[in-house]
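Q: One structure, as structure tokens, below. Some questions next.
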Amino acid sequence: MTTPDTNPTSTHSTGSRRVRANGDGTVYQRKDGRWEAAGYVLAAGDTRKRIHVYGTTRKEALALLTEKVAASNRGIAPPAQGSVAAFLTYWLETVAVHRLRENAHTRYTACVRLYLIPGLGKKKLAKDVRTWLDQLRTTCQCCARGLDAARDQPQCCAAGNCCRKRLSPLTLAYVHSVLKSALEHAVREEEIPRTSPATSVWAHPDPAASNPSPPKKPARS
């Protein structure tokens with residue numbers, strides 16, 4: 001079983017005020033004020049690699065490390081710099097599932113499955129997603145998801161008559177909120193730099209409220 005690194009001789013040239021309770025792994029405060037936790041997790045090819053996670057408090061850094069180690073013990077290796085789909089899947093299964101209530105996690109999963117992975121899944125995590133969000137506003141969901149094509153008798157888009165079924169402002173705001181939460185986690189774990197074009201989504205104006213509620217009845221796939 002993979003466990004946090006508990007080597008008491010481990011050193012970091014950038015750290016100070018090293019604090020480590022028994023079994024916690026290496027946890028210490030950096031010169032910039034942030035806390036860093038380090039440990040070993042599973043990697044590709046049945047190997048192990050040392051990872052570093054960061055938090056504004058010791059508790060936050062240790063919680064992030066614990067999440068990584070727990071996921072590793074379940075055989076879920078952290079994604080390398082790869083696709084948005086790989087990161088979102090990893091984030092839902094190892095991070096969001098522990099931080100959200102069951103109903104909220106179900107809605108997040110539906111949002112990722114219906115909109116984010118189909119639209120952004122093959123893109124690299126560090127790429128700009130702002131353009132995609134703008135395009136999503138005007139995209140016909142019936143065309144994009146093949147809703148009419150799946151009918152026995154096509155009635156609109158598949159018959160050459162686009163119905164222009166667009167997402168509501170409330171759903172657009174919810175998609176934005178879920179994507180922002182995932183990217184914030186990616187930055188905290190240094191999967192992408194804070195200056196990455198992908199983080200432009202943070203400043204992207206919500207088409208609805210700043211703290212949108214989820215749609216009551218997400219569209220069926």
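Ordered as shown in the structure tokens, chains take letters A, B, and onward, while each chain numbers its residues from 1 and ligands are numbered from 1 in the order shown.
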Using DSSP assignments from the backbone, pull out every residue in segment 10-185 of chain A that falls under alpha helix (DSSP H) and give it to me as a short mmCIF file (atom, residue, chain, number, x, y, z; two decimals) with N, CA and C atoms, in the first residue's frame.

A:
data_model
loop_
_atom_site.label_atom_id
_atom_site.label_comp_id
_atom_site.auth_asym_id
_atom_site.auth_seq_id
_atom_site.Cartn_x
_atom_site.Cartn_y
_atom_site.Cartn_z
N ARG A 58 -1.26 24.32 7.08
CA ARG A 58 -0.74 22.97 7.22
C ARG A 58 -1.85 21.95 7.01
N LYS A 59 -3.02 22.22 7.57
CA LYS A 59 -4.15 21.30 7.46
C LYS A 59 -4.57 21.11 6.01
N GLU A 60 -4.60 22.19 5.23
CA GLU A 60 -5.00 22.09 3.83
C GLU A 60 -4.00 21.28 3.02
N ALA A 61 -2.70 21.55 3.24
CA ALA A 61 -1.67 20.81 2.51
C ALA A 61 -1.73 19.32 2.84
N LEU A 62 -1.90 19.00 4.11
CA LEU A 62 -1.96 17.60 4.52
C LEU A 62 -3.21 16.93 3.96
N ALA A 63 -4.32 17.65 3.91
CA ALA A 63 -5.56 17.09 3.36
C ALA A 63 -5.40 16.76 1.88
N LEU A 64 -4.71 17.65 1.15
CA LEU A 64 -4.48 17.39 -0.27
C LEU A 64 -3.60 16.16 -0.46
N LEU A 65 -2.57 16.02 0.36
CA LEU A 65 -1.70 14.86 0.27
C LEU A 65 -2.48 13.58 0.59
N THR A 66 -3.30 13.65 1.62
CA THR A 66 -4.10 12.49 2.00
C THR A 66 -5.01 12.06 0.87
N GLU A 67 -5.61 13.02 0.16
CA GLU A 67 -6.47 12.71 -0.98
C GLU A 67 -5.68 12.00 -2.07
N LYS A 68 -4.47 12.50 -2.34
CA LYS A 68 -3.63 11.89 -3.37
C LYS A 68 -3.26 10.46 -3.00
N VAL A 69 -2.86 10.27 -1.75
CA VAL A 69 -2.44 8.94 -1.30
C VAL A 69 -3.63 7.98 -1.31
N ALA A 70 -4.80 8.45 -0.87
CA ALA A 70 -5.99 7.60 -0.86
C ALA A 70 -6.36 7.16 -2.28
N ALA A 71 -6.28 8.10 -3.22
CA ALA A 71 -6.56 7.76 -4.61
C ALA A 71 -5.54 6.76 -5.14
N SER A 72 -4.28 6.95 -4.77
CA SER A 72 -3.23 6.04 -5.20
C SER A 72 -3.48 4.63 -4.67
N ASN A 73 -3.91 4.54 -3.41
CA ASN A 73 -4.18 3.24 -2.82
C ASN A 73 -5.35 2.53 -3.48
N VAL A 84 -8.06 17.49 -20.77
CA VAL A 84 -9.04 17.99 -19.81
C VAL A 84 -9.91 16.84 -19.31
N ALA A 85 -10.25 15.91 -20.21
CA ALA A 85 -11.08 14.77 -19.82
C ALA A 85 -10.42 13.94 -18.73
N ALA A 86 -9.12 13.67 -18.87
CA ALA A 86 -8.41 12.86 -17.87
C ALA A 86 -8.39 13.58 -16.52
N PHE A 87 -8.14 14.88 -16.55
CA PHE A 87 -8.08 15.62 -15.28
C PHE A 87 -9.45 15.71 -14.62
N LEU A 88 -10.49 16.01 -15.40
CA LEU A 88 -11.82 16.14 -14.82
C LEU A 88 -12.29 14.82 -14.22
N THR A 89 -11.99 13.71 -14.88
CA THR A 89 -12.35 12.39 -14.35
C THR A 89 -11.64 12.13 -13.03
N TYR A 90 -10.35 12.43 -13.00
CA TYR A 90 -9.56 12.26 -11.79
C TYR A 90 -10.08 13.17 -10.67
N TRP A 91 -10.37 14.40 -11.01
CA TRP A 91 -10.85 15.38 -10.02
C TRP A 91 -12.19 14.95 -9.42
N VAL A 97 -15.52 14.24 -4.94
CA VAL A 97 -16.36 13.26 -4.25
C VAL A 97 -16.26 13.37 -2.73
N HIS A 98 -15.12 13.89 -2.24
CA HIS A 98 -14.94 14.04 -0.80
C HIS A 98 -15.36 15.41 -0.28
N ARG A 99 -15.57 16.36 -1.18
CA ARG A 99 -15.86 17.73 -0.76
C ARG A 99 -17.29 18.17 -1.03
N GLU A 102 -23.62 14.35 -1.78
CA GLU A 102 -23.89 13.35 -2.83
C GLU A 102 -24.67 13.94 -4.00
N ASN A 103 -25.72 14.71 -3.70
CA ASN A 103 -26.53 15.29 -4.77
C ASN A 103 -25.72 16.28 -5.61
N ALA A 104 -24.89 17.09 -4.94
CA ALA A 104 -24.07 18.06 -5.66
C ALA A 104 -23.05 17.33 -6.55
N HIS A 105 -22.45 16.27 -6.02
CA HIS A 105 -21.48 15.51 -6.82
C HIS A 105 -22.15 14.88 -8.03
N THR A 106 -23.39 14.42 -7.88
CA THR A 106 -24.12 13.85 -9.01
C THR A 106 -24.36 14.90 -10.08
N ARG A 107 -24.70 16.14 -9.65
CA ARG A 107 -24.92 17.21 -10.62
C ARG A 107 -23.60 17.62 -11.30
N TYR A 108 -22.52 17.68 -10.53
CA TYR A 108 -21.21 18.00 -11.11
C TYR A 108 -20.85 16.95 -12.17
N THR A 109 -21.06 15.69 -11.84
CA THR A 109 -20.72 14.60 -12.76
C THR A 109 -21.53 14.71 -14.04
N ALA A 110 -22.81 15.03 -13.91
CA ALA A 110 -23.66 15.19 -15.09
C ALA A 110 -23.19 16.36 -15.95
N CYS A 111 -22.82 17.45 -15.31
CA CYS A 111 -22.32 18.63 -16.04
C CYS A 111 -21.04 18.29 -16.81
N ILE A 117 -16.67 17.39 -20.94
CA ILE A 117 -15.86 16.40 -21.65
C ILE A 117 -16.15 16.39 -23.15
N PRO A 118 -17.42 16.45 -23.59
CA PRO A 118 -17.65 16.52 -25.03
C PRO A 118 -17.02 17.75 -25.68
N GLY A 119 -17.05 18.88 -24.97
CA GLY A 119 -16.53 20.11 -25.56
C GLY A 119 -15.05 20.33 -25.39
N LEU A 120 -14.50 19.93 -24.23
CA LEU A 120 -13.10 20.22 -23.90
C LEU A 120 -12.25 18.98 -23.70
N ARG A 130 -11.50 29.79 -22.64
CA ARG A 130 -12.44 30.93 -22.69
C ARG A 130 -13.20 30.95 -24.01
N THR A 131 -12.49 30.67 -25.11
CA THR A 131 -13.14 30.68 -26.42
C THR A 131 -14.24 29.63 -26.46
N TRP A 132 -13.96 28.46 -25.87
CA TRP A 132 -14.98 27.40 -25.86
C TRP A 132 -16.21 27.84 -25.08
N LEU A 133 -16.02 28.50 -23.96
CA LEU A 133 -17.17 28.97 -23.18
C LEU A 133 -18.01 29.96 -23.97
N ASP A 134 -17.36 30.83 -24.72
CA ASP A 134 -18.09 31.78 -25.55
C ASP A 134 -18.88 31.05 -26.64
N GLN A 135 -18.26 30.04 -27.23
CA GLN A 135 -18.93 29.29 -28.28
C GLN A 135 -20.10 28.49 -27.73
N LEU A 136 -19.98 28.03 -26.47
CA LEU A 136 -21.03 27.24 -25.87
C LEU A 136 -22.35 28.01 -25.78
N ARG A 137 -22.26 29.32 -25.64
CA ARG A 137 -23.46 30.16 -25.53
C ARG A 137 -24.35 30.03 -26.76
N THR A 138 -23.71 29.88 -27.93
CA THR A 138 -24.47 29.89 -29.19
C THR A 138 -24.57 28.52 -29.84
N GLN A 141 -27.51 22.56 -28.72
CA GLN A 141 -27.24 21.31 -28.02
C GLN A 141 -27.85 20.11 -28.73
N CYS A 142 -28.90 20.33 -29.47
CA CYS A 142 -29.49 19.24 -30.24
C CYS A 142 -28.52 18.76 -31.32
N CYS A 143 -27.86 19.71 -31.97
CA CYS A 143 -26.85 19.36 -32.98
C CYS A 143 -25.62 18.76 -32.33
N ALA A 144 -25.11 19.42 -31.28
CA ALA A 144 -23.86 19.02 -30.66
C ALA A 144 -23.94 17.63 -30.03
N PRO A 169 -29.13 30.58 -19.54
CA PRO A 169 -28.10 31.31 -18.78
C PRO A 169 -27.76 30.62 -17.46
N LEU A 170 -28.75 30.00 -16.81
CA LEU A 170 -28.50 29.32 -15.55
C LEU A 170 -27.58 28.11 -15.74
N THR A 171 -27.82 27.33 -16.80
CA THR A 171 -26.98 26.17 -17.07
C THR A 171 -25.57 26.61 -17.48
N LEU A 172 -25.48 27.66 -18.28
CA LEU A 172 -24.16 28.17 -18.67
C LEU A 172 -23.36 28.60 -17.45
N ALA A 173 -24.02 29.26 -16.52
CA ALA A 173 -23.34 29.71 -15.30
C ALA A 173 -22.88 28.51 -14.47
N TYR A 174 -23.66 27.46 -14.45
CA TYR A 174 -23.30 26.27 -13.69
C TYR A 174 -22.11 25.55 -14.32
N VAL A 175 -22.09 25.46 -15.64
CA VAL A 175 -20.95 24.87 -16.34
C VAL A 175 -19.68 25.65 -16.03
N HIS A 176 -19.80 26.98 -16.07
CA HIS A 176 -18.67 27.85 -15.74
C HIS A 176 -18.18 27.61 -14.32
N SER A 177 -19.12 27.47 -13.38
CA SER A 177 -18.76 27.27 -11.98
C SER A 177 -18.04 25.95 -11.75
N VAL A 178 -18.52 24.87 -12.37
CA VAL A 178 -17.89 23.56 -12.22
C VAL A 178 -16.48 23.58 -12.81
N LEU A 179 -16.34 24.15 -14.01
CA LEU A 179 -15.02 24.21 -14.65
C LEU A 179 -14.05 25.05 -13.82
N LYS A 180 -14.52 26.15 -13.28
CA LYS A 180 -13.68 27.01 -12.45
C LYS A 180 -13.19 26.26 -11.22
N SER A 181 -14.06 25.49 -10.57
CA SER A 181 -13.66 24.73 -9.39
C SER A 181 -12.57 23.72 -9.72
N ALA A 182 -12.73 23.05 -10.86
CA ALA A 182 -11.72 22.05 -11.27
C ALA A 182 -10.38 22.71 -11.57
N LEU A 183 -10.39 23.84 -12.26
CA LEU A 183 -9.14 24.52 -12.62
C LEU A 183 -8.46 25.12 -11.39
N GLU A 184 -9.24 25.60 -10.43
CA GLU A 184 -8.64 26.11 -9.20
C GLU A 184 -7.87 25.00 -8.49
N HIS A 185 -8.42 23.79 -8.49
CA HIS A 185 -7.72 22.66 -7.88
C HIS A 185 -6.45 22.33 -8.67
#

Q: Tell me, in Å to one decimal, how far atom CA of Asp32 of chain A is from atom CA of Val187 of chain A.

A: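 Distance reported for this atom pair: 16.4 Å.
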
Q: Hey, which of A:His52, A:Arg145, A:Arg30, A:Arg74 ends up closest to Cys157 of chain A? Count only C-alpha atoms.

A: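 The shortest atom-to-atom distance to Cys157 of chain A comes from A:Arg145.
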
Q: To one decimal place, how far is atom CA of Val53 of chain A from atom CA of Gly39 of chain A in Å?

A: 8.9 Å

Q: Measure the distance from atom CA of Ala186 of chain A to atom CA of Thr199 of chain A in Å and round it to one decimal.

A: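 Pair atom CA of Ala186 of chain A / atom CA of Thr199 of chain A returns 9.7 Å.
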